[in-house]
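What follows is one structure encoded as structure tokens, with my remarks underneath.
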Amino acid sequence: LTERQLLMIPGPTPVPPSVLLSGARPMVNHRGPEMAKLMADCTAGLKRVFQTQHDAFILTCSGTGGLEAAVVNTLSPGEKALSVSIGVFGDRLATIAKTYGAEVESLSYPYGAAADPKQIQERLAADTGKEIKAVLITQNETSTGVCNDLATIGPMVREHGARLIVDGISSLLAMDSQMDNWGMDVVVAGSQKAFMIPPGLCFVAVNDRAKEAMERCTTPRFYLDLRKAKQYLEQGQTPWTPAVPLIWQLGDALKLIEAEGLQNSFARHARLAAMTRAGAKALGLTLFAADESRASNAVTSIRRPEGIATADLRKLMRDKYAVVISGGQGKIKDDIFRIGHLGFVGEKEILAALGCLGLALKEMGQAVDPAAGVAAAMAVVGG
Ligand SMILES: *Cc1c(COP(=O)(O)O)cnc(C)c1O
């Protein structure tokens, strides 16, 4: 019964029932007055979420489309970009930039580690000729469950002068992300992560520095041309027909988000992540993040226990307990499993997931007290 499944993957995430229903309305003219009002409300709400005074655009495509929009609008063929990658999504952003002809230099870290701000600063300081025009980085690397310290890295990049392009797809709302204060020039987010709506939309915020680059950028672009998006947004429209039901859902999800408040949302995600880590450790598991202080508030990556295949554990969790968790991605696909805790989730989902994980591990022959995870997670929140 998929309706009873507890979906604990780092996107798509569960959608609140009220938000699900708000997608089920009679269609309207996407160039009519209802849509213009909705677009204006959503754009204003998104700017608050991005913590920016600048422009935010709603694009009908998955998160990767937003990354592609960031690249094709602000990075020209032959321009040099420094890719700071700590996992699959950091690599993806670099690949998109290379695909469109940028000259990409990689500063890569082993999976499980966060980027070292000092090394980034040193690399930028050595670039006295200011050849590096852009830095590409992921705030929350969903594939490894590690997040980068953008509060430190952002101002360093700004001091150098390169544009900072940030994949914030799984970080926005799950952790603080201050676009303007931290000096991020382009930030991308996706609907199916902490925004609590289904997949299909992405959001791209650009500041004046990025807009200036946009005007000069020589990369060919059509569907994802943000100059067109800007022109149409002034009339409350998008250049092409948008996923109208998803934008209704976004409007209602943003109301829930405003009601909770950004700081409360960050605190909730931090609390759920702390519960998950404590529970995993109490079940005798090892976290994948090399430094727990950089472990993600959106998703927890856990090493596969000796003697257990990730796929088998995930299957048992899904088939017997209706708890759906993720495996790894890329080269660590079979080495870890991941529990997503972003968006429409609370304490009870974490406790249920950890309880079922304990049962599954025991059933698979691990010498473990199946209740230990729940007890440790409860202790985090005062139980
Ligand atoms: C989910 C995710 C993406 C990719 O999004 P799609 O919607 O699958 O294209 C990119 N980056 C990060 C960090 C993500 O979590």
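If you're wondering about the labels, chains in the structure tokens are A, B, ... by order shown, residues count from 1 in each chain, ligands from 1 in order shown.
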Need to verify the contact set: Ala213 of chain A, 9 Å, only C-alpha atoms, exclusion of same-chain residues closer than 3 positions in sequence. Can you return it as number ranges by chain?
A: 73-76, 163, 208-210, 216-217
Would you name the residues within 6 Å of ligand 1, counting only C-alpha atoms and all ligand atoms, and put them as a PyMOL selection string?
chain A and resi 62-64+89+140-142+167+169-170
In segment 186-366 of chain A, DSSP strand (DSSP E or B) residues written as JSON, numbers by chain:
{"A": [186, 187, 188, 189, 190, 201, 202, 203, 204, 205, 206, 287, 295, 299, 300, 301, 302, 303, 323, 324, 326, 327, 336, 337, 338, 339, 340]}
Can you check which parts of segment 291-373 of chain A lie within 7 Å of segment 188-198 of chain A? Per residue, the shortest pair of atoms and distance in Å to one decimal, counting only C-alpha atoms, sorted by chain and number, as a tab-separated table.
```
residue	atom	partner	partner_atom	distance
A:Leu342	CA	A:Ala194	CA	5.1
A:Gly343	CA	A:Ala194	CA	3.7
A:Phe344	CA	A:Met196	CA	5.8
```
Any chance you could export the current selection's all heavy atoms as a tab-separated table (two decimals), in the first residue's frame?
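Now in selection-v5.tsv:
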```tsv
chain	number	residue	atom	x	y	z
A	342	LEU	N	13.78	15.71	5.19
A	342	LEU	CA	13.60	17.11	4.81
A	342	LEU	C	12.19	17.31	4.29
A	342	LEU	O	11.58	16.40	3.73
A	342	LEU	CB	14.65	17.54	3.78
A	342	LEU	CG	14.57	17.07	2.34
A	342	LEU	CD1	15.55	17.87	1.49
A	342	LEU	CD2	14.89	15.61	2.22
A	343	GLY	N	11.72	18.53	4.54
A	343	GLY	CA	10.37	18.86	4.08
A	343	GLY	C	9.33	18.55	5.13
A	343	GLY	O	9.48	18.92	6.30
A	344	PHE	N	8.29	17.83	4.70
A	344	PHE	CA	7.13	17.56	5.55
A	344	PHE	C	7.40	16.35	6.45
A	344	PHE	O	6.83	15.29	6.28
A	344	PHE	CB	5.92	17.33	4.63
A	344	PHE	CG	4.60	17.20	5.33
A	344	PHE	CD1	4.16	18.17	6.20
A	344	PHE	CD2	3.78	16.10	5.09
A	344	PHE	CE1	2.93	18.06	6.83
A	344	PHE	CE2	2.55	15.98	5.72
A	344	PHE	CZ	2.12	16.95	6.59
```
Distance query segment 297-312 of chain A at most 6 Å, only C-alpha atoms, self and fewer than 2 positions along chain excluded, as a PyMOL selection string
chain A and resi 145+174+269-270+273+286-288+314-315+334-342
Go through A:Ala113, A:Val368, A:Ile332, A:Leu272 one by one, measure the shortest atom-to-atom distance of each to Lys348 of chain A using only C-alpha atoms, and give the residue with the smallest value.
A:Leu272
